[in-house]
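Trainee: Quick one, data.cif (mmCIF, C-alpha atoms):
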data_data
loop_
_atom_site.label_atom_id
_atom_site.label_comp_id
_atom_site.auth_asym_id
_atom_site.auth_seq_id
_atom_site.Cartn_x
_atom_site.Cartn_y
_atom_site.Cartn_z
CA MET N 1 51.84 91.58 20.67
CA THR N 2 54.32 94.18 19.49
CA GLU N 3 54.35 94.78 15.77
CA PRO N 4 57.58 95.53 13.96
CA ASP N 5 57.78 99.24 13.43
CA GLN N 6 58.56 99.42 9.73
CA PRO N 7 56.59 97.85 6.87
CA GLU N 8 59.87 96.57 5.45
CA ALA N 9 60.35 94.51 8.60
CA VAL N 10 56.84 93.07 8.36
CA LEU N 11 57.45 92.19 4.73
CA PHE N 12 60.69 90.46 5.62
CA LEU N 13 59.44 88.64 8.70
CA THR N 14 56.36 87.33 6.94
CA ALA N 15 58.26 86.19 3.85
CA ALA N 16 57.18 82.65 3.09
CA ASP N 17 60.49 81.25 1.97
CA SER N 18 64.15 81.90 1.41
CA GLY N 19 63.56 83.46 -2.01
CA ALA N 20 61.01 85.90 -0.64
CA ARG N 21 63.34 86.79 2.20
CA ASP N 22 66.15 87.51 -0.24
CA ALA N 23 63.81 89.75 -2.16
CA ALA N 24 62.80 91.62 1.01
CA TRP N 25 66.34 91.89 2.35
CA GLU N 26 67.40 94.89 0.30
CA ARG N 27 64.39 96.89 1.41
CA LEU N 28 64.96 95.87 5.01
CA VAL N 29 68.56 97.09 4.86
CA GLY N 30 67.42 100.31 3.22
CA ALA N 31 64.91 100.96 5.98
CA TYR N 32 67.28 100.21 8.85
CA SER N 33 70.70 101.19 7.51
CA ARG N 34 70.82 104.43 9.52
CA LEU N 35 70.08 102.54 12.71
CA LEU N 36 72.66 99.87 11.91
CA LEU N 37 75.29 102.49 11.18
CA SER N 38 74.55 104.27 14.45
CA VAL N 39 75.17 101.06 16.34
CA ALA N 40 78.33 100.35 14.34
CA ARG N 41 79.64 103.84 15.15
CA GLY N 42 79.08 103.18 18.84
CA LEU N 43 82.30 101.17 19.03
CA GLY N 44 84.32 104.03 17.62
CA GLY N 45 86.93 103.98 14.88
CA GLY N 46 87.24 105.87 11.64
CA HIS N 47 84.93 105.77 8.66
CA ASP N 48 86.55 102.71 7.08
CA GLN N 49 86.50 100.79 10.33
CA VAL N 50 82.83 101.59 10.86
CA MET N 51 81.99 100.57 7.30
CA ASP N 52 83.90 97.29 7.73
CA ARG N 53 81.90 96.64 10.88
CA TYR N 54 78.68 97.50 9.09
CA ALA N 55 79.55 95.09 6.26
CA TYR N 56 80.34 92.38 8.81
CA VAL N 57 76.96 92.92 10.49
CA LEU N 58 75.10 92.66 7.18
CA GLU N 59 77.00 89.50 6.31
CA ARG N 60 76.21 87.91 9.68
CA LEU N 61 72.57 88.88 9.50
CA HIS N 62 72.35 87.39 6.03
CA ALA N 63 74.12 84.15 6.98
CA ASP N 64 72.25 80.83 7.24
CA ASP N 65 69.19 82.17 5.49
CA PHE N 66 68.87 85.08 7.96
CA ARG N 67 68.84 82.75 10.96
CA ARG N 68 69.44 85.58 13.42
CA ILE N 69 66.67 87.80 12.15
CA ARG N 70 64.26 84.90 11.93
CA ALA N 71 64.79 84.41 15.66
CA PHE N 72 62.84 87.61 16.28
CA ARG N 73 59.51 86.74 17.82
CA ARG N 74 56.73 88.92 16.50
CA ASP N 75 54.64 88.06 19.52
CA GLY N 76 57.43 89.19 21.83
CA SER N 77 57.47 92.29 23.93
CA ALA N 78 59.95 94.38 21.96
CA ARG N 79 59.72 96.23 18.69
CA PHE N 80 61.83 94.93 15.84
CA SER N 81 64.04 98.04 15.79
CA THR N 82 64.89 97.73 19.50
CA TRP N 83 65.60 94.05 19.16
CA LEU N 84 67.72 94.71 16.07
CA VAL N 85 69.82 97.31 17.91
CA VAL N 86 70.68 94.78 20.60
CA ILE N 87 71.57 91.99 18.19
CA VAL N 88 73.59 94.31 15.95
CA ARG N 89 75.45 95.71 18.95
CA ARG N 90 76.44 92.16 19.87
CA LEU N 91 77.55 91.42 16.32
CA CYS N 92 79.64 94.59 16.39
CA ILE N 93 81.29 93.37 19.58
CA ASP N 94 82.05 90.06 17.83
CA GLU N 95 83.63 91.94 14.95
CA TYR N 96 85.64 94.09 17.34
CA ARG N 97 86.87 91.01 19.20
CA ALA N 98 87.81 89.26 15.97
CA ARG N 99 89.82 92.27 14.91
CA PHE N 100 91.40 93.45 18.14
CA GLY N 101 91.00 90.48 20.46
CA ARG N 102 89.36 92.47 23.21
CA VAL N 103 86.39 94.68 23.83
CA PRO N 104 86.93 98.34 24.61
CA ALA N 105 86.52 98.90 28.34
CA ALA N 106 83.26 100.55 29.29
CA SER N 107 85.30 102.68 31.63
CA SER N 108 88.88 103.17 32.70
CA ARG N 109 87.74 102.79 36.29
CA THR N 110 88.43 99.24 37.30
CA ASN N 111 86.53 99.03 40.53
CA GLY N 112 83.29 100.86 41.06
CA VAL N 113 83.03 99.80 44.69
CA ASP N 114 86.40 101.40 45.48
CA GLN N 115 85.31 104.57 43.77
CA LEU N 116 82.10 104.57 45.73
CA ARG N 117 83.84 103.81 49.02
CA ARG N 118 86.31 106.65 48.54
CA ARG N 119 83.42 108.92 47.68
CA LEU N 120 81.77 108.01 50.96
CA GLU N 121 84.99 108.67 52.86
CA LEU N 122 85.37 112.06 51.27
CA GLY N 123 81.81 113.12 51.89
CA GLU N 124 78.64 113.01 49.94
CA ALA N 125 79.03 115.99 47.68
CA ASP N 126 78.08 114.40 44.40
CA ALA N 127 79.02 117.61 42.69
CA LEU N 128 82.61 116.63 43.38
CA ASP N 129 84.12 115.37 40.18
CA ILE N 130 84.84 111.67 40.41
CA THR N 131 88.25 112.14 38.81
CA SER N 132 89.37 114.25 41.77
CA ILE N 133 89.17 111.29 44.13
CA PRO N 134 92.71 110.41 45.27
CA ASP N 135 94.30 107.19 44.16
CA ASP N 136 94.82 104.42 46.75
CA ASN N 137 98.40 104.08 45.52
CA GLN N 138 99.22 107.40 47.16
CA ARG N 139 97.81 106.43 50.56
CA PRO N 140 99.58 104.81 53.56
CA PRO N 141 99.47 100.96 53.48
CA GLU N 142 97.31 100.67 56.62
CA ASP N 143 94.73 102.98 55.07
CA VAL N 144 94.72 100.87 51.93
CA LEU N 145 94.18 97.67 53.95
CA ASP N 146 91.35 99.28 55.85
CA GLY N 147 90.00 100.61 52.58
CA GLY N 148 89.96 97.07 51.19
CA ALA N 149 87.90 95.82 54.14
CA ARG N 150 85.48 98.71 53.80
CA SER N 151 85.16 98.04 50.06
CA ARG N 152 84.29 94.39 50.73
CA THR N 153 81.71 95.40 53.29
CA LEU N 154 80.36 97.99 50.93
CA SER N 155 80.03 95.35 48.22
CA GLU N 156 77.85 93.32 50.57
CA LEU N 157 75.75 96.35 51.42
CA LEU N 158 75.29 97.16 47.74
CA THR N 159 73.79 93.75 47.03
CA ARG N 160 71.03 94.57 49.54
CA LEU N 161 69.92 97.62 47.56
CA PRO N 162 67.07 97.36 45.04
CA PRO N 163 68.47 96.26 41.65
CA ARG N 164 67.60 99.57 40.02
CA ASP N 165 69.62 101.44 42.64
CA GLN N 166 72.53 99.04 42.21
CA LEU N 167 72.43 99.74 38.49
CA LEU N 168 72.27 103.48 39.10
CA LEU N 169 75.38 103.40 41.29
CA GLN N 170 77.28 101.22 38.81
CA LEU N 171 76.52 103.61 35.97
CA ARG N 172 77.60 106.55 38.09
CA PHE N 173 80.67 105.21 39.87
CA ARG N 174 81.95 102.35 37.75
CA ASP N 175 81.10 103.58 34.28
CA GLY N 176 81.53 107.25 35.20
CA LEU N 177 78.40 108.36 33.33
CA SER N 178 77.08 111.85 33.95
CA ALA N 179 73.84 112.36 35.84
CA ALA N 180 72.29 113.79 32.69
CA GLU N 181 73.11 110.68 30.69
CA ILE N 182 71.94 108.35 33.45
CA ALA N 183 68.66 110.26 33.54
CA GLY N 184 68.20 109.44 29.86
CA ILE N 185 69.30 105.83 30.21
CA LEU N 186 67.29 104.93 33.29
CA LYS N 187 64.39 107.22 32.40
CA TYR N 188 64.65 109.55 35.37
CA ARG N 189 62.75 112.76 34.89
CA SER N 190 65.88 114.90 35.04
CA SER N 191 69.50 114.85 36.12
CA PHE N 192 68.39 116.46 39.40
CA HIS N 193 66.36 113.37 40.17
CA VAL N 194 69.48 111.29 39.56
CA TYR N 195 71.54 113.52 41.86
CA ARG N 196 68.92 113.32 44.58
CA ARG N 197 68.68 109.54 44.37
CA VAL N 198 72.47 109.14 44.38
CA GLN N 199 72.78 111.47 47.39
CA SER N 200 70.11 109.57 49.24
CA LEU N 201 71.79 106.21 48.50
CA LEU N 202 75.18 107.53 49.56
CA ARG N 203 73.76 108.70 52.87
CA GLU N 204 72.09 105.33 53.35
CA LEU N 205 75.28 103.44 52.55
CA LYS N 206 77.45 105.65 54.73
CA THR N 207 75.15 105.13 57.69
CA ALA N 208 75.12 101.37 57.11
CA LEU N 209 78.89 101.23 56.65
CA ASN N 210 79.67 103.24 59.78
CA GLY N 211 77.15 101.17 61.75
CA HIS N 212 78.72 97.91 60.60
CA PRO N 213 80.34 95.93 63.47
CA LEU N 214 83.72 96.07 61.70
CA PHE N 215 83.83 99.83 61.50
CA ARG N 216 81.61 101.07 64.29
CA GLY N 217 83.38 103.97 65.93
CA ASP N 218 85.68 104.63 62.96
CA PRO N 219 86.09 108.25 62.09
CA ASP N 220 84.39 109.13 58.80
CA MET A 1 69.66 84.39 30.51
CA THR A 2 71.79 82.78 27.80
CA ASN A 3 74.03 79.79 28.42
CA ASN A 4 77.06 82.09 28.49
CA GLY A 5 75.61 83.96 31.43
CA HIS A 6 74.46 87.07 29.60
CA LEU A 7 71.01 88.47 29.02
CA MET A 8 69.10 87.13 26.05
CA THR A 9 68.55 89.56 23.20
CA ASP A 10 64.76 89.37 23.64
CA GLU A 11 65.08 90.05 27.34
CA LEU A 12 67.32 93.06 26.97
CA ALA A 13 65.21 94.46 24.13
CA ALA A 14 62.05 94.08 26.20
CA TYR A 15 63.73 95.79 29.15
CA LEU A 16 64.78 98.66 26.88
CA GLU A 17 61.15 99.02 25.83
CA GLY A 18 59.93 98.87 29.41
CA THR A 19 57.59 96.00 28.65
CA LEU A 20 58.95 93.44 31.09
CA PRO A 21 56.88 92.59 34.18
CA SER A 22 58.38 94.18 37.29
CA ASP A 23 59.85 90.95 38.66
CA ARG A 24 61.67 90.21 35.42
CA ALA A 25 62.71 93.85 35.05
CA GLY A 26 64.22 93.65 38.54
CA ALA A 27 66.13 90.52 37.59
CA VAL A 28 67.45 92.24 34.46
CA GLU A 29 68.50 95.31 36.47
CA ALA A 30 70.28 93.10 38.99
CA HIS A 31 72.14 91.40 36.15
CA LEU A 32 73.00 94.72 34.51
CA ALA A 33 74.39 95.98 37.81
CA ARG A 34 76.92 93.16 37.98
CA CYS A 35 77.63 92.35 34.31
CA ASP A 36 79.84 94.89 32.56
CA HIS A 37 79.20 93.40 29.11
CA CYS A 38 75.43 93.46 29.28
CA ARG A 39 75.48 96.90 30.88
CA ALA A 40 77.67 98.20 28.05
CA ASP A 41 75.20 96.69 25.54
CA PHE A 42 72.33 98.29 27.40
CA VAL A 43 73.94 101.74 27.54
CA ALA A 44 74.98 101.58 23.88
CA ALA A 45 71.50 100.51 22.77
CA ARG A 46 69.84 103.20 24.84
CA ARG A 47 72.15 105.82 23.32
CA VAL A 48 71.14 104.74 19.83
CA LEU A 49 67.44 104.45 20.59
CA THR A 50 67.02 107.62 22.64
CA PRO A 51 66.66 110.69 20.48
CA ARG A 52 69.16 113.42 21.17
CA PRO A 53 67.83 116.36 23.14
CA SER A 54 65.57 118.16 20.76
CA VAL A 55 66.91 121.29 19.21
CA TRP A 56 63.67 122.11 17.42
CA PRO A 57 62.40 124.62 20.02
CA THR A 58 65.53 126.68 19.40
CA ARG A 59 65.05 126.17 15.72
CA LEU A 60 61.44 127.32 15.90
CA LEU A 61 62.74 130.62 17.25
CA GLY A 62 65.15 130.66 14.34
CA SER A 63 62.29 129.94 11.95
CA ALA A 64 60.30 132.82 13.41
CA LEU A 65 63.28 135.07 12.83
CA VAL A 66 63.59 133.78 9.27
CA ALA A 67 59.88 134.37 8.70
CA ALA A 68 60.22 137.92 9.99
CA LEU A 69 63.18 138.46 7.67
CA LEU A 70 61.25 137.02 4.77
CA LEU A 71 58.46 139.49 5.38
CA ALA A 72 60.98 142.23 4.83
CA VAL A 73 62.52 140.60 1.75
CA PRO A 74 60.04 141.83 -0.93
CA ALA A 75 60.58 145.43 0.08
CA LEU A 76 64.33 144.96 0.31
CA TRP A 77 64.36 143.13 -3.01
CA SER A 78 62.63 145.94 -4.84
CA ARG A 79 65.24 148.36 -3.49
CA ILE A 80 68.14 146.06 -4.26
CA SER A 81 66.89 145.34 -7.79
CA GLN A 82 67.13 149.05 -8.61
CA ARG A 83 70.85 149.10 -7.82
CA SER A 84 73.66 148.61 -10.27
CA ALA A 85 75.29 145.21 -10.68
CA PRO A 86 78.35 145.94 -8.48
CA ASP A 87 76.02 147.23 -5.75
CA LEU A 88 73.97 144.08 -6.02
CA GLU A 89 77.07 141.97 -5.67
CA ARG A 90 78.01 143.80 -2.49
CA ALA A 91 74.46 143.48 -1.14
CA ALA A 92 74.23 139.75 -1.78
CA PRO A 93 74.19 137.59 1.30
CA PRO A 94 77.65 136.28 2.19
CA ARG A 95 77.44 132.84 0.62
CA ALA A 96 80.86 131.92 1.99
CA SER A 97 79.34 131.74 5.47
CA VAL A 98 76.60 129.40 4.35
CA SER A 99 77.72 125.90 5.17
CA LEU A 100 75.06 123.74 3.53
CA MET A 101 75.24 123.92 -0.25
CA ILE A 102 72.13 124.28 -2.34
CA VAL A 103 72.04 122.63 -5.78
CA ALA A 104 68.65 123.66 -7.16
CA PRO A 105 66.69 125.78 -7.49
CA ALA A 106 69.45 128.33 -7.25
CA GLU A 107 68.91 131.87 -6.05
CA GLY A 108 66.50 133.70 -8.39
CA ALA A 109 65.73 130.64 -10.53
CA ARG A 110 62.52 130.57 -12.60
CA ILE A 111 60.98 127.16 -13.03
CA PRO A 112 57.72 125.65 -14.26
CA ALA A 113 55.13 125.52 -11.47
CA GLY A 114 54.63 121.79 -11.74
CA GLY A 115 58.24 120.76 -11.59
CA VAL A 116 59.81 122.12 -8.43
CA ARG A 117 62.34 119.73 -7.03
CA LEU A 118 64.55 120.94 -4.23
CA THR A 119 68.07 119.52 -4.12
CA TRP A 120 71.00 120.17 -1.85
CA ARG A 121 74.40 118.71 -1.09
CA SER A 122 74.76 116.05 1.55
CA ALA A 123 76.16 117.16 4.90
CA GLY A 124 77.34 113.63 5.68
CA VAL A 125 75.84 110.33 6.62
CA GLU A 126 73.20 110.10 9.31
CA THR A 127 72.15 113.69 8.83
CA GLN A 128 68.51 114.67 9.01
CA TYR A 129 67.29 117.63 6.97
CA ARG A 130 64.44 119.98 7.60
CA ILE A 131 63.17 121.73 4.51
CA THR A 132 61.01 124.84 4.69
CA VAL A 133 59.28 126.63 1.84
CA THR A 134 57.52 129.94 2.36
CA ASP A 135 55.57 132.27 0.15
CA SER A 136 56.53 135.87 -0.47
CA ALA A 137 54.67 136.97 2.67
CA GLY A 138 56.77 134.67 4.83
CA GLY A 139 53.95 132.20 5.38
CA ARG A 140 55.18 128.64 5.54
CA ILE A 141 53.54 126.66 2.76
CA TRP A 142 55.45 123.41 3.23
CA SER A 143 57.87 121.89 5.66
CA ALA A 144 59.23 118.41 5.98
CA GLU A 145 61.99 116.37 7.53
CA SER A 146 63.95 113.91 5.48
CA ALA A 147 67.17 111.97 5.38
CA ASP A 148 67.27 112.43 1.62
CA THR A 149 68.98 115.30 -0.17
CA THR A 150 66.15 116.00 -2.53
CA ALA A 151 62.44 116.68 -2.21
CA ALA A 152 59.72 117.22 -4.78
CA LEU A 153 57.10 119.85 -4.06
CA ASP A 154 53.46 119.10 -4.65
CA PRO A 155 52.65 121.14 -7.80
CA ALA A 156 49.55 122.55 -6.10
CA LEU A 157 51.73 124.33 -3.54
CA THR A 158 53.49 126.50 -6.08
CA ALA A 159 50.70 126.73 -8.64
CA ARG A 160 50.39 130.46 -8.07
CA PRO A 161 53.14 132.34 -9.91
CA GLY A 162 55.25 134.40 -7.67
CA PRO A 163 58.35 134.31 -5.59
CA TYR A 164 58.88 131.57 -3.06
CA TYR A 165 61.66 131.09 -0.58
CA TRP A 166 63.22 127.89 0.61
CA MET A 167 65.85 126.79 3.05
CA VAL A 168 67.31 123.58 4.42
CA ASP A 169 68.66 122.96 7.88
CA ALA A 170 70.90 119.94 8.38
CA LEU A 171 70.72 118.37 11.80
CA LEU A 172 74.09 116.68 12.16
CA PRO A 173 74.58 113.49 14.20
CA ASP A 174 76.45 115.45 16.87
CA GLY A 175 73.48 117.79 17.36
CA ARG A 176 74.90 120.76 15.46
CA ILE A 177 72.88 122.45 12.77
CA ARG A 178 74.07 123.68 9.41
CA SER A 179 71.83 125.92 7.42
CA SER A 180 71.62 126.67 3.73
CA GLY A 181 70.38 130.20 4.24
CA THR A 182 67.31 131.34 2.32
CA TYR A 183 66.96 131.03 -1.47
CA ARG A 184 64.38 132.63 -3.71
CA PHE A 185 62.79 131.05 -6.74
CA SER A 186 59.74 131.85 -8.77
CA THR A 187 57.38 129.65 -10.69
CA ALA A 188 55.91 130.27 -14.09
CA PRO A 189 52.68 128.71 -15.31
#
Go ahead and render the structure in this file as structure tokens.
Mentor:
Amino acid sequence: MTEPDQPEAVLFLTAADSGARDAAWERLVGAYSRLLLSVARGLGGGHDQVMDRYAYVLERLHADDFRRIRAFRRDGSARFSTWLVVIVRRLCIDEYRARFGRVPAASSRTNGVDQLRRRLELGEADALDITSIPDDNQRPPEDVLDGGARSRTLSELLTRLPPRDQLLLQLRFRDGLSAAEIAGILKYRSSFHVYRRVQSLLRELKTALNGHPLFRGDPD
Amino acid sequence: MTNNGHLMTDELAAYLEGTLPSDRAGAVEAHLARCDHCRADFVAARRVLTPRPSVWPTRLLGSALVAALLLAVPALWSRISQRSAPDLERAAPPRASVSLMIVAPAEGARIPAGGVRLTWRSAGVETQYRITVTDSAGGRIWSAESADTTAALDPALTARPGPYYWMVDALLPDGRIRSSGTYRFSTAP
């Protein structure tokens, strides 16, 4: 059983009725407002926009006698603060959608597999900045067609990797996150461990791709 | 998994905490690898929940430097106090370069021993402050971290009359630090 990590959360979650919850609400907001604001800032925008988003989140959390917060299971496997961050992030996305009609793209890169495939074609030097990879639009049509087939094959190969490695490659090549940030997100010991794992996976994928019946004998 | 094909809040929160059994964690990772929305939620949540790289080791070095400076302050002060007013003005630390504003106690203030409340101006929302109080020998008598812009000292800490020094460092959300510089106050019984 994971206990909520602030007494204000315990007070709120153990409130016997709606009146008690209302009484505990202000203290709950006081205890977690910094966390809520951090999440609200995550979607960008100026001060007013962030405060509007924050107000929306508070309103949604308060709605229907705090239905969303009451869904937190105290016998679950996450602390209240972690759970709250996830639910508030999702409310912030709702607010963003309501206002702008779309969610900001996690990355400007539309196809992680293409990025990865071009990386493999160029060599494995992960130190190479991903933005320096040439655009397919500037390549001869036959190369692009071949590139498409290799990307499809690569997609298949990727699904055979362990899920954690798939996630690592998506964060690196689709979302364009730095090795240092991935280390923090996926709890690697350092960015060097991320680099090493990425290099190892790229070698593995390159070997598998070049050994694939469709491309056997192709120059790198 | 929810009925709209995304991870459930409980599931993602548990994965963030690392408390999922390995088979379920693998399923979550596989989903995160193919779902841009859930992966964006995951990355955003991790960014909020993971503390920024600590800057305290650097700050400890800074504190040691401050302590060393404070050791020299009594001697310097006695020399400065013998100067004329214009000299003193020229010798005063350049307050214009200090970016975190102190409200009270101001430099040189004398206050009753039991009523020391430290107050400073806010450096913006989501800022964490580290407050340090030292005695005249540079020994740290109290230190705390707070999100508030005021802190009351336990009367016992400043019961002994004599000069004390205090400073506040603001740790800004972007990782930068703004410092108040060091201020002197003395307590009277």
Trainee: What residues come out when you apply the PyMOL selection byres ((chain N) within 7 of (chain A)) to this file, written as a ChimeraX atom specification?
Mentor: /N:34,38-39,42,77-78,82-83,85-87,89,106,163-164,166-167,170,185
Trainee: As a check of understanding, name the residues that the PyMOL selection byres ((chain N and resi 198) around 9) selects in the supplied structure, as a PyMOL selection string.
Mentor: chain N and resi 126+165+168-169+172+193-197+199-203
Trainee: Could you tell me, as a PyMOL selection string, exactly which residues end up selected when the PyMOL selection byres ((chain A and resi 114-118) around 8) is applied to this structure?
Mentor: chain A and resi 103-105+111-113+119-120+150-156+158-159
Trainee: Which of these residues is nearest to Phe185 of chain A, using all atoms listed in the file: A:Ser136, A:Gln128, A:Ser122, A:Asn4?
Mentor: A:Ser136
Trainee: For the atom pair atom CA of Asp22 of chain N and atom CA of Asp94 of chain N, what is the interatomic distance in Å to one decimal place?
Mentor: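 According to the coordinates, atom CA of Asp22 of chain N and atom CA of Asp94 of chain N are separated by 24.2 Å.
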